[in-house]
Structures are given as structure tokens and as C-alpha cells.
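*Asks:* You'll find data.cif just under this line, and it carries mmCIF, C-alpha atoms and all ligand atoms.
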```
data_data
loop_
_atom_site.label_atom_id
_atom_site.label_comp_id
_atom_site.auth_asym_id
_atom_site.auth_seq_id
_atom_site.Cartn_x
_atom_site.Cartn_y
_atom_site.Cartn_z
CA MET E 1 34.50 12.79 1.24
CA THR E 2 36.70 15.63 2.40
CA ASP E 3 35.75 19.22 1.96
CA LYS E 4 36.90 20.74 -1.34
CA GLN E 5 39.08 17.72 -2.10
CA ASN E 6 37.88 17.52 -5.66
CA ARG E 7 37.45 21.18 -6.36
CA THR E 8 39.66 23.68 -8.07
CA LEU E 9 37.78 27.01 -7.96
CA PRO E 10 35.97 28.75 -5.07
CA ALA E 11 32.25 28.11 -5.40
CA GLN E 12 29.80 30.88 -6.30
CA PRO E 13 27.53 31.91 -3.37
CA ALA E 14 24.42 31.09 -5.43
CA LEU E 15 25.68 27.57 -6.09
CA CYS E 16 26.39 27.06 -2.40
CA ARG E 17 22.89 28.29 -1.51
CA ILE E 18 21.28 25.89 -3.99
CA LEU E 19 23.25 22.97 -2.60
CA ASP E 20 22.57 24.01 1.00
CA ALA E 21 18.81 24.36 0.41
CA ASN E 22 18.55 21.00 -1.37
CA LEU E 23 20.64 19.16 1.18
CA ASP E 24 18.26 20.48 3.83
CA ARG E 25 15.20 19.61 1.76
CA SER E 26 16.29 16.04 1.09
CA ARG E 27 17.30 15.42 4.71
CA GLU E 28 14.00 16.80 6.03
CA GLY E 29 11.97 14.71 3.58
CA LEU E 30 13.88 11.58 4.56
CA ARG E 31 13.33 12.32 8.24
CA ILE E 32 9.56 12.50 7.67
CA ILE E 33 9.63 9.17 5.81
CA GLU E 34 11.89 7.64 8.48
CA GLU E 35 9.44 8.52 11.26
CA TRP E 36 6.69 6.57 9.51
CA CYS E 37 8.97 3.58 8.86
CA ARG E 38 9.93 3.55 12.52
CA PHE E 39 6.73 4.43 14.37
CA GLY E 40 4.06 3.62 11.79
CA LEU E 41 5.48 0.41 10.31
CA ASN E 42 7.92 -0.68 13.04
CA ASN E 43 10.31 -1.56 10.25
CA ALA E 44 13.92 -1.22 11.40
CA ASP E 45 15.39 -2.00 7.94
CA LEU E 46 13.47 0.73 6.15
CA ALA E 47 14.07 3.23 8.95
CA GLY E 48 17.76 2.26 8.92
CA GLU E 49 18.09 2.96 5.20
CA CYS E 50 16.51 6.42 5.68
CA LYS E 51 18.93 7.16 8.49
CA GLN E 52 21.91 5.95 6.45
CA LEU E 53 20.90 8.21 3.56
CA ARG E 54 20.47 11.15 5.92
CA GLN E 55 23.92 10.59 7.33
CA GLU E 56 25.47 10.44 3.86
CA LEU E 57 23.73 13.69 2.98
CA ALA E 58 24.96 15.27 6.22
CA ALA E 59 28.55 14.39 5.27
CA TRP E 60 28.17 16.49 2.11
CA HIS E 61 26.66 19.39 4.05
CA VAL E 62 29.97 21.08 4.79
CA ALA E 63 30.50 24.43 6.55
CA GLU E 64 31.02 26.34 3.30
CA LEU E 65 27.53 25.36 2.11
CA ARG E 66 25.81 25.92 5.45
CA SER E 67 27.36 29.36 5.86
CA ALA E 68 26.08 30.46 2.43
CA ARG E 69 22.51 30.31 3.77
CA ASP E 70 20.67 33.63 3.66
CA THR E 71 17.11 32.87 4.74
CA PRO E 72 15.85 36.50 5.09
CA ALA E 73 16.89 37.23 1.49
CA ASP E 74 15.45 33.96 0.09
CA PRO E 75 12.26 34.78 -1.88
CA GLY E 76 11.34 31.05 -1.85
CA THR E 77 10.55 30.87 1.88
CA GLU E 78 7.22 32.64 1.31
CA LEU E 79 6.18 30.38 -1.53
CA THR E 80 3.97 27.44 -0.64
CA HIS E 81 1.75 25.39 -2.86
CA PRO E 82 -1.81 24.87 -1.55
CA GLN E 83 -1.18 21.11 -1.71
CA GLU E 84 1.66 21.47 0.81
CA GLU E 85 -0.93 22.71 3.31
CA GLN E 86 -3.17 19.67 2.87
CA ARG E 87 -2.37 16.03 3.49
CA SER E 88 -5.36 13.76 3.27
CA SER E 89 -3.65 10.45 4.14
CA ILE E 90 -0.35 8.89 5.19
CA GLN E 91 0.03 7.56 1.66
CA GLN E 92 -0.27 11.05 0.21
CA LEU E 93 2.14 12.45 2.79
CA LEU E 94 4.70 9.76 1.94
CA GLU E 95 4.29 10.25 -1.81
CA ALA E 96 4.74 14.02 -1.44
CA ASN E 97 7.89 13.59 0.62
CA PHE E 98 9.42 10.99 -1.68
CA CYS E 99 8.80 13.40 -4.52
CA ARG E 100 10.47 16.20 -2.56
CA VAL E 101 13.53 14.06 -1.74
CA GLU E 102 13.88 12.78 -5.32
CA GLU E 103 13.62 16.28 -6.77
CA ALA E 104 16.15 17.65 -4.29
CA LEU E 105 18.58 14.81 -5.09
CA ARG E 106 18.23 15.54 -8.78
CA VAL E 107 19.08 19.21 -8.15
CA LEU E 108 22.06 18.15 -6.03
CA GLU E 109 23.19 15.79 -8.77
CA GLU E 110 23.12 18.49 -11.46
CA TYR E 111 24.49 21.49 -9.52
CA GLY E 112 26.79 19.26 -7.52
CA LYS E 113 28.73 18.39 -10.67
CA ILE E 114 29.96 21.99 -10.77
CA TYR E 115 30.88 22.04 -7.10
CA ASP E 116 32.70 18.74 -6.70
CA ARG E 117 33.51 16.20 -9.34
CA ASN E 118 32.31 13.29 -7.16
CA MET E 119 29.02 14.90 -6.20
CA GLY E 120 27.06 14.14 -9.37
CA ALA E 121 27.69 10.41 -9.22
CA ALA E 122 27.13 10.24 -5.46
CA PHE E 123 23.71 11.91 -5.61
CA LYS E 124 22.66 9.92 -8.65
CA GLN E 125 23.37 6.72 -6.72
CA MET E 126 21.43 8.07 -3.71
CA ARG E 127 18.49 8.98 -5.94
CA TYR E 128 18.28 5.38 -7.16
CA ARG E 129 18.46 4.14 -3.59
CA VAL E 130 15.53 6.41 -2.74
CA TYR E 131 13.51 4.93 -5.64
CA THR E 132 14.23 1.45 -4.27
CA LEU E 133 13.30 2.58 -0.77
CA GLU E 134 10.03 3.97 -2.09
CA SER E 135 9.02 0.75 -3.81
CA ASN E 136 10.09 -1.40 -0.83
CA LEU E 137 8.13 0.82 1.53
CA LEU E 138 5.05 0.75 -0.66
CA ALA E 139 5.20 -3.04 -0.95
CA TYR E 140 5.66 -3.45 2.79
CA ARG E 141 2.83 -1.03 3.54
CA ARG E 142 0.52 -2.87 1.17
CA TYR E 143 1.27 -6.22 2.74
CA GLN E 144 0.81 -4.87 6.26
CA GLN E 145 -2.53 -3.39 5.24
CA LEU E 146 -3.56 -6.74 3.81
CA LEU E 147 -2.59 -8.48 7.06
CA ARG E 148 -4.59 -6.08 9.20
CA SER E 149 -7.69 -6.36 6.98
CA GLN E 150 -10.24 -8.81 8.30
CA LEU E 151 -13.13 -7.68 6.14
CA TYR E 152 -12.96 -7.56 2.35
CA LEU E 153 -15.66 -5.85 0.31
CA VAL E 154 -16.04 -7.19 -3.23
CA THR E 155 -18.14 -4.72 -5.21
CA SER E 156 -21.03 -5.30 -7.56
CA PRO E 157 -22.21 -2.72 -10.14
CA ARG E 158 -24.36 0.01 -8.56
CA ASP E 159 -25.51 3.45 -9.68
CA ASN E 160 -24.12 4.75 -6.43
CA LEU E 161 -20.99 2.57 -6.39
CA MET E 162 -18.70 5.24 -4.90
CA GLY E 163 -21.29 6.20 -2.29
CA VAL E 164 -21.71 2.62 -1.03
CA VAL E 165 -17.97 1.98 -0.94
CA GLU E 166 -17.35 5.27 0.87
CA ALA E 167 -20.03 4.43 3.43
CA ALA E 168 -18.28 1.10 4.09
CA LEU E 169 -14.89 2.82 4.34
CA GLN E 170 -16.42 5.14 6.93
CA GLY E 171 -17.37 2.02 8.89
CA GLY E 172 -13.70 0.97 9.04
CA LEU E 173 -13.27 -1.12 5.89
CA THR E 174 -9.63 -1.35 4.73
CA LEU E 175 -9.78 -3.69 1.72
CA VAL E 176 -11.91 -3.37 -1.42
CA GLN E 177 -12.06 -5.36 -4.65
CA TYR E 178 -13.48 -3.79 -7.77
CA ARG E 179 -15.51 -6.57 -9.43
CA ASP E 180 -17.59 -5.69 -12.45
CA LYS E 181 -18.63 -8.22 -15.06
CA SER E 182 -20.90 -5.96 -17.09
CA SER E 183 -19.41 -2.51 -17.82
CA ASP E 184 -17.31 -1.81 -20.91
CA ASP E 185 -13.56 -1.38 -20.55
CA GLY E 186 -13.66 2.43 -20.56
CA ALA E 187 -16.16 2.55 -17.70
CA LYS E 188 -14.26 -0.17 -15.82
CA LEU E 189 -11.01 1.76 -16.00
CA ALA E 190 -12.69 5.00 -14.92
CA ASN E 191 -14.35 3.22 -11.96
CA ALA E 192 -11.13 1.47 -10.98
CA ARG E 193 -9.28 4.80 -10.93
CA GLN E 194 -12.00 6.54 -8.94
CA LEU E 195 -12.20 3.69 -6.43
CA CYS E 196 -8.44 3.66 -6.10
CA GLU E 197 -8.38 7.35 -5.26
CA LEU E 198 -11.27 6.90 -2.81
CA CYS E 199 -9.72 3.90 -1.04
CA HIS E 200 -6.34 5.59 -0.73
CA ARG E 201 -7.99 8.61 0.81
CA TYR E 202 -9.15 6.25 3.59
CA ASP E 203 -5.79 4.39 3.73
CA ALA E 204 -7.52 1.32 2.32
CA LEU E 205 -6.31 -0.99 -0.46
CA LEU E 206 -7.95 -1.42 -3.84
CA ILE E 207 -7.65 -4.75 -5.64
CA VAL E 208 -8.98 -5.22 -9.20
CA ASN E 209 -10.83 -8.42 -10.07
CA ASP E 210 -9.61 -10.50 -13.04
CA ARG E 211 -7.68 -7.86 -14.99
CA VAL E 212 -3.97 -7.23 -14.48
CA ASP E 213 -4.00 -4.52 -17.18
CA PHE E 214 -6.60 -2.47 -15.26
CA ALA E 215 -4.75 -2.96 -12.00
CA ILE E 216 -1.65 -1.43 -13.59
CA ALA E 217 -3.48 1.32 -15.48
CA ALA E 218 -5.42 2.39 -12.37
CA ASP E 219 -2.30 2.07 -10.18
CA ALA E 220 -4.29 -0.24 -7.90
CA ASP E 221 -2.73 -2.24 -5.06
CA GLY E 222 -3.17 -5.60 -6.71
CA VAL E 223 -5.31 -8.06 -8.61
CA HIS E 224 -7.60 -10.96 -7.73
CA LEU E 225 -7.29 -13.93 -10.10
CA GLY E 226 -9.70 -16.83 -10.42
CA GLN E 227 -8.71 -20.34 -11.46
CA GLY E 228 -9.45 -19.46 -15.06
CA ASP E 229 -7.46 -16.22 -15.07
CA LEU E 230 -3.73 -15.61 -15.64
CA PRO E 231 -1.32 -17.81 -13.67
CA VAL E 232 0.03 -16.01 -10.60
CA ALA E 233 3.62 -16.14 -11.93
CA GLU E 234 2.65 -14.41 -15.18
CA ALA E 235 0.70 -11.76 -13.29
CA ARG E 236 3.70 -11.23 -11.00
CA LYS E 237 5.93 -10.58 -14.02
CA LEU E 238 3.55 -7.84 -15.13
CA LEU E 239 2.78 -6.38 -11.72
CA GLY E 240 6.23 -6.61 -10.14
CA PRO E 241 6.95 -7.68 -6.55
CA GLY E 242 5.21 -4.72 -4.85
CA ARG E 243 1.58 -5.44 -5.70
CA ILE E 244 -0.75 -7.95 -4.09
CA ILE E 245 -2.01 -11.01 -5.94
CA GLY E 246 -5.00 -12.98 -4.68
CA ARG E 247 -6.25 -16.33 -6.00
CA SER E 248 -9.65 -18.02 -5.68
CA THR E 249 -9.63 -21.56 -4.30
CA THR E 250 -12.37 -24.13 -3.79
CA ASN E 251 -10.40 -27.05 -2.39
CA GLY E 252 -7.11 -28.08 -0.78
CA GLU E 253 -5.41 -28.83 -4.08
CA GLU E 254 -6.13 -25.34 -5.46
CA MET E 255 -5.02 -23.84 -2.17
CA GLN E 256 -1.69 -25.70 -2.30
CA ARG E 257 -1.08 -24.63 -5.88
CA ALA E 258 -1.92 -20.99 -5.14
CA ILE E 259 0.57 -20.99 -2.27
CA GLU E 260 3.29 -22.60 -4.40
CA GLU E 261 2.63 -20.11 -7.19
CA GLY E 262 3.26 -17.23 -4.78
CA ALA E 263 -0.22 -15.82 -4.16
CA ASP E 264 -0.30 -13.26 -1.33
CA TYR E 265 -3.76 -14.33 -0.15
CA ILE E 266 -6.51 -16.71 -1.19
CA GLY E 267 -10.28 -16.64 -1.39
CA VAL E 268 -11.83 -19.71 0.29
CA GLY E 269 -15.27 -20.61 -1.01
CA PRO E 270 -18.01 -20.28 -1.93
CA VAL E 271 -18.80 -21.20 1.65
CA TYR E 272 -22.54 -21.15 0.84
CA SER E 273 -24.18 -21.18 -2.57
CA THR E 274 -24.82 -17.63 -3.70
CA PRO E 275 -26.74 -15.81 -6.44
CA THR E 276 -23.67 -13.60 -6.94
CA LYS E 277 -21.89 -16.65 -8.38
CA PRO E 278 -24.73 -18.96 -9.37
CA ASP E 279 -22.68 -21.50 -11.34
CA LYS E 280 -20.25 -22.23 -8.58
CA GLN E 281 -21.03 -25.08 -6.21
CA ALA E 282 -20.65 -24.38 -2.49
CA ALA E 283 -17.40 -25.65 -0.97
CA GLY E 284 -18.98 -25.57 2.48
CA LEU E 285 -17.77 -25.04 6.03
CA ASP E 286 -15.52 -28.11 5.79
CA TYR E 287 -13.28 -26.22 3.42
CA VAL E 288 -13.23 -23.27 5.86
CA ARG E 289 -12.08 -25.67 8.60
CA TYR E 290 -9.46 -27.10 6.23
CA ALA E 291 -8.15 -23.59 5.44
CA ALA E 292 -8.07 -22.69 9.15
CA ASP E 293 -5.91 -25.74 9.74
CA LYS E 294 -3.67 -25.62 6.69
CA SER E 295 -3.30 -22.18 5.11
CA PRO E 296 -0.04 -20.43 5.97
CA ILE E 297 -1.08 -17.30 4.06
CA PRO E 298 -3.97 -14.89 4.70
CA TRP E 299 -7.31 -16.26 3.47
CA PHE E 300 -10.80 -14.86 3.18
CA ALA E 301 -13.91 -16.99 3.50
CA ILE E 302 -16.32 -15.88 0.75
CA GLY E 303 -19.72 -16.77 -0.65
CA GLY E 304 -23.13 -16.20 0.87
CA ILE E 305 -21.78 -14.73 4.10
CA ASP E 306 -24.03 -12.23 5.88
CA ILE E 307 -24.70 -10.95 9.39
CA ASN E 308 -26.89 -13.99 10.16
CA ASN E 309 -24.41 -16.74 9.33
CA LEU E 310 -21.20 -14.87 10.12
CA ASP E 311 -20.90 -16.54 13.53
CA GLU E 312 -21.02 -19.99 11.94
CA VAL E 313 -18.19 -19.08 9.56
CA LEU E 314 -16.12 -17.60 12.38
CA ASN E 315 -16.71 -20.68 14.51
CA ALA E 316 -15.43 -22.82 11.65
CA GLY E 317 -12.12 -20.94 11.99
CA ALA E 318 -12.35 -17.95 9.62
CA GLN E 319 -10.51 -14.86 10.79
CA ARG E 320 -11.12 -12.93 7.57
CA VAL E 321 -14.24 -12.78 5.42
CA ALA E 322 -15.20 -11.29 2.07
CA THR E 323 -18.67 -10.28 1.02
CA VAL E 324 -20.56 -8.75 -1.88
CA ARG E 325 -24.31 -8.48 -1.19
CA ALA E 326 -24.22 -8.13 2.60
CA ILE E 327 -22.67 -4.70 2.17
CA MET E 328 -23.40 -3.68 -1.43
CA GLU E 329 -27.13 -4.26 -0.92
CA ALA E 330 -27.33 -3.06 2.67
CA GLU E 331 -29.56 -0.15 3.56
CA GLN E 332 -26.86 1.09 5.91
CA PRO E 333 -23.48 -0.10 4.62
CA THR E 334 -21.58 1.75 7.37
CA LEU E 335 -23.46 -0.06 10.13
CA VAL E 336 -23.17 -3.48 8.48
CA THR E 337 -19.44 -2.94 8.00
CA GLN E 338 -19.07 -1.95 11.64
CA PHE E 339 -21.01 -5.04 12.71
CA PHE E 340 -18.83 -7.37 10.60
CA ILE E 341 -15.63 -5.81 11.91
CA SER E 342 -16.77 -5.88 15.53
CA GLN E 343 -17.59 -9.61 15.26
CA LEU E 344 -14.27 -10.37 13.60
CA ILE E 345 -12.41 -8.52 16.35
CA ARG E 346 -14.50 -10.20 19.05
CA MET E 347 -13.57 -13.62 17.67
CA GLN E 348 -9.92 -12.64 17.37
CA ASN E 349 -9.86 -11.52 21.01
CA LEU E 350 -11.59 -14.71 22.10
CA LYS E 351 -8.96 -16.80 20.31
CA ALA E 352 -6.13 -14.75 21.81
CA GLN E 353 -7.66 -15.25 25.28
CA LYS E 354 -7.96 -19.00 24.77
CA ALA E 355 -4.39 -19.22 23.53
CA LEU E 356 -3.26 -17.35 26.65
CA GLN E 357 -5.30 -19.64 28.93
CA GLY E 358 -3.79 -22.66 27.17
CA LYS E 359 -0.36 -21.40 28.11
CA THR E 360 -1.11 -20.91 31.82
C1 LIG E 401 -11.69 -12.73 -2.33
C2 LIG E 401 -12.25 -13.38 -3.55
N1 LIG E 401 -12.34 -14.71 -3.59
C3 LIG E 401 -12.85 -15.30 -4.67
C4 LIG E 401 -13.27 -14.57 -5.75
C5 LIG E 401 -13.80 -15.23 -6.99
O1 LIG E 401 -12.95 -15.03 -8.09
P1 LIG E 401 -13.23 -15.82 -9.46
O2 LIG E 401 -13.25 -17.26 -9.12
O3 LIG E 401 -12.28 -15.37 -10.47
O4 LIG E 401 -14.67 -15.35 -9.83
P2 LIG E 401 -15.11 -13.89 -10.26
O5 LIG E 401 -15.10 -13.04 -9.03
O6 LIG E 401 -14.17 -13.37 -11.26
O7 LIG E 401 -16.49 -14.07 -10.77
C6 LIG E 401 -13.16 -13.18 -5.68
N2 LIG E 401 -13.54 -12.40 -6.68
N3 LIG E 401 -12.64 -12.61 -4.57
C1 LIG E 402 -17.04 -13.62 -6.12
C2 LIG E 402 -17.31 -14.85 -5.38
N1 LIG E 402 -16.44 -15.89 -5.38
C3 LIG E 402 -16.82 -16.92 -4.65
S1 LIG E 402 -18.32 -16.66 -3.97
C4 LIG E 402 -18.42 -15.12 -4.65
C5 LIG E 402 -19.56 -14.20 -4.50
C6 LIG E 402 -19.86 -13.82 -3.11
O1 LIG E 402 -20.94 -12.96 -3.12
P1 LIG E 402 -21.95 -12.83 -1.92
O2 LIG E 402 -21.20 -12.29 -0.77
O3 LIG E 402 -22.96 -11.84 -2.45
O4 LIG E 402 -22.57 -14.16 -1.68
MG MG E 403 -12.21 -13.97 -11.83
#
```
Is it possible to give me this structure as C-alpha cells?
*Replies:*
Amino acid sequence: MTDKQNRTLPAQPALCRILDANLDRSREGLRIIEEWCRFGLNNADLAGECKQLRQELAAWHVAELRSARDTPADPGTELTHPQEEQRSSIQQLLEANFCRVEEALRVLEEYGKIYDRNMGAAFKQMRYRVYTLESNLLAYRRYQQLLRSQLYLVTSPRDNLMGVVEAALQGGLTLVQYRDKSSDDGAKLANARQLCELCHRYDALLIVNDRVDFAIAADADGVHLGQGDLPVAEARKLLGPGRIIGRSTTNGEEMQRAIEEGADYIGVGPVYSTPTKPDKQAAGLDYVRYAADKSPIPWFAIGGIDINNLDEVLNAGAQRVATVRAIMEAEQPTLVTQFFISQLIRMQNLKAQKALQGKT
């Protein structure tokens, strides 16, 4: 792009100011997103795409536009929305900045058409690249959050459902599944939405049990499917590549199939028989040992696990566990969550130490 190459008339000062302000806005927003890609996610590809977009924007930010700036006379500098002053989580900060960049690119696309005949098409193409960046970043973030989650709370219906989940989130929980076999669909959707908002406030993921439609409607992070639910491939078609899909498994054959189908994680169990799932026979610690040996994807031991038998499950090779009653029925869900997480980290450190000793 060369300055004024595709222009015939001198541009109006107001047009130049609009383009200048929106070039600034989009570049700033991208810079904020880039910092998270680089320092928060350590993802060079995503950070690189932000930088590339910023550089393309800078090439359009020619002297004529920059010199049209008149900050003291701009009535917009005083205007802030209360939401701009508050950011409750990284997710919200990223969403707000993507929104800002996309809006600015749309303004550049429309006003740019008057300024330079190539500008409209160029900014439209950039806007679509930002949409792609947003969904790639969200998918990557979700998967990273899944990987770092060692404890998975599966909910059961409670009068104080939000209170119990929030208490567990305060104890460091980062992964929650909304499981509810008794409420009607309206209540389920309302709960899923509320839980989603709550979890995201704590930078935790919310997965919906059984129902792909609720996962989409509540804008949850994924779905957990049992052997009798939708096949993973069908769920993937509905959910797209950016959401997480989990599958229950009870034996090696189911595990293999879940992996081939493209599940992001699996449930391994029930380890012990449990009143939460009374019709399901225990798969036992042998299956935990099998998963520890064979599963290439993240897996959560589930079923009858509590603070008393946790050690046994960890010694059988589990690095991640899921639980319903141990937290949902706890008198102090925050403390129980902290205990689970501390034991999971202790075991992880022990394994890392052993691996290091094995090398020396
Ligand atoms: C993490 C995790 N693992 C297994 C299950 C059980 O799912 P499913 O077999 O579909 O049984 P229901 O939970 O639907 O009764 C799970 N929910 N989560
Ligand atoms: C949903 C599910 N899937 C396998 S076991 C189980 C229930 C686990 O519940 P609890 O932790 O209360 O034993
Ligand atoms: Mg199910």
C-alpha cells in the first residue's frame, strides 16, 4: 500500500480523524490480546498473528491520518463506559478487547471505502482474520485449562448449587460439570447459564453433562457424553472444533474408541461402586492402572472417590480425579477442594522427583 495511491480527492479532516482513531483502537486492542497470547499462553503462533495484524494496520496509518488527530477537541476522550473500568477475569478482558478490535475494523472498513478504494476489502479481510484468531485463542485457552485441571467437580442438584460451586471455586477448582438428572429443561438451561457465568468469573471451565443443545445454548466450554449419548463425531459437528468433548469409559475397549472418535478427555470409572450411579458396576483400580499406562489423552478417575481413598487412587496412577459427593455434600467445600488439590499436586511433584532421580 502506498499513501494516496488509490485516491482522487483530498480527504476530509473528519474522515481522517475517524480512520486515525480506529487504527489506534484496533492496534491497541490487538496489543492487549497479543500480550496474553505471549505471556499468558506462551503461544508463539497466536502472538505472531496478532503482531502481523498490528503491522498491517500500522502500514495503513499514514502521516496524513496521524496528523489529523486533535485529542484536546475530541469529545470522546472523556466518555468511558462503567464496564471499561471493571474487568473481572482474563476471559472478560479478552472478550472486551476482541469486541473493540472487531468494531474498529468494521468502522475502518466502512469509512475506509471513501478514503482509499482498497481499504474496505483490506479491513474486511482483517476482520475475518480476527474472528478466526478469537476462536483459535478460545479453543487453545480451553484446552490449556483442561490440561491444568487436576480436580473435576461434577455437580448434583442442591438448593444452594451456586453457593457450593462457588465455595469450591474459591478453593482453587478450575473444572466443573453441570450434571442434573431431575430438573426440567427450563431450569437446567437457567442453571447451566448461571454456572457458566460463575465459572468464567473464576477462570474455570463449565462442561454440561449429556446435552449438546444446552452446552451450545449456555455457551458452555463443552459437553460430557456417556456411552449411551451422542457419538463424539456428531457432537463435534454441532459444537465445532473449539469446545471440549469428554466421554465416559469403563474399560480399555471404550477408552480406545473414545480416543479414536476424537474425545478431548475421558472419565475412567466408576473406580468404586457409588450411590451417585447405583446401576453402574465398579471398574476398579485395575482400570485406573490400565488408564495410567495406556491413555494418551487427559483422563479423570471417577466414582466413589473421597478424601479417605484418594491416596489409593493416586497410587494406582491417577493424576486427575472427578468427584460428586465428596464436594457437593461437604460441610466445607472450599477446604475439601483445597485438600484434593494439595494431594494431587503432592503426587505430581513426587512423580516429577522420581522421574528426575531416574535420569541421574
Ligand atoms: C468425568 C465424568 N466421567 C463419567 C461420567 C459419567 O457419564 P455417563 O456415563 O453419561 O453417566 P451420567 O453422568 O450421565 O449419569 C461423568 N458424568 N463425568
Ligand atoms: C457420574 C459418574 N460416573 C461414573 S461414577 C459417577 C458418579 C460419581 O459420584 P461420586 O463421586 O459421588 O461417587
Ligand atoms: Mg450421560
*Asks:* Which residues are near ligand LIG 401 (chain E) in this structure, taking near to mean any atom at most 9 Å from a ligand atom and counting only C-alpha atoms and all ligand atoms? Format them as a ChimeraX atom specification.
*Replies:* /E:152-154,177-181,208-210,224-229,246-250,265-270,276-277,280,299-303,321-323
*Asks:* Taking into account only C-alpha atoms, which residue in the set E:Glu331, E:Glu103, E:Asp286, E:Glu197 is nearest to Ala220 in chain E?
*Replies:*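 Ranked by minimum distance to Ala220 in chain E, first place goes to E:Glu197.
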*Asks:* Can you work out which one of E:Leu133, E:Leu285, E:Leu108, E:Val101 has the shortest atom-to-atom distance to Glu49 in chain E, counting all atoms listed in the file?
*Replies:*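 For Glu49 in chain E, the nearest of the given residues is E:Leu133.
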*Asks:* Within 6 Å of Ala68 in chain E, counting all atoms listed in the file, which residues show up once you throw out same-chain ones fewer than 2 positions away? Write them as a list of chain:residue names, please.
*Replies:*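 Contacts, with the query itself left out: E:Cys16, E:Arg17, E:Leu65, E:Arg66.
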*Asks:* Please report the interatomic distance between CA of Glu102 in chain E and CA of Ala47 in chain E in Å with one decimal.
*Replies:*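 So the two atoms, CA of Glu102 in chain E and CA of Ala47 in chain E, lie 17.2 Å apart.
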*Asks:* Tell me which of E:Leu19, E:Pro275, E:Lys351, E:Ile245 sits closest to Lys113 in chain E, counting all atoms listed in the file.
*Replies:*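 Among E:Leu19, E:Pro275, E:Lys351, E:Ile245, it is E:Leu19 that comes nearest to Lys113 in chain E.
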*Asks:* Identify, on the basis of all atoms listed in the file, every residue whose closest approach to Trp36 in chain E does not exceed 12 Å; exclude the query and any residue fewer than 5 positions from it along the same chain; express the result as a PyMOL selection string.
*Replies:* chain E and resi 29-31+41-44+46-48+50+90-91+93-94+97+137-138+141
*Asks:* So the first atom is CA of Arg127 in chain E and the second is CA of Glu56 in chain E; what is the distance between them in Å, to one decimal place?
*Replies:*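 Answer for the CA of Arg127 in chain E to CA of Glu56 in chain E separation: 12.1 Å.
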*Asks:* Determine the nearest neighbour of ligand LIG 402 (chain E) from the options E:Lys354, E:Arg346, E:Arg325, E:Arg243, counting all atoms listed in the file.
*Replies:* E:Arg325
*Asks:* Here is a test: counting only C-alpha atoms, which residue of E:Tyr287, E:Gly171, E:Arg69, E:Ala258 is nearest to Gln338 in chain E?
*Replies:*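 Ranked by minimum distance to Gln338 in chain E, first place goes to E:Gly171.
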*Asks:* List the residues sitting within 7 Å of (-2.6, 2.2, 2.8) in the file's frame, using only C-alpha atoms, as a PyMOL selection string.
*Replies:* chain E and resi 91+141-142+145+200+203-205
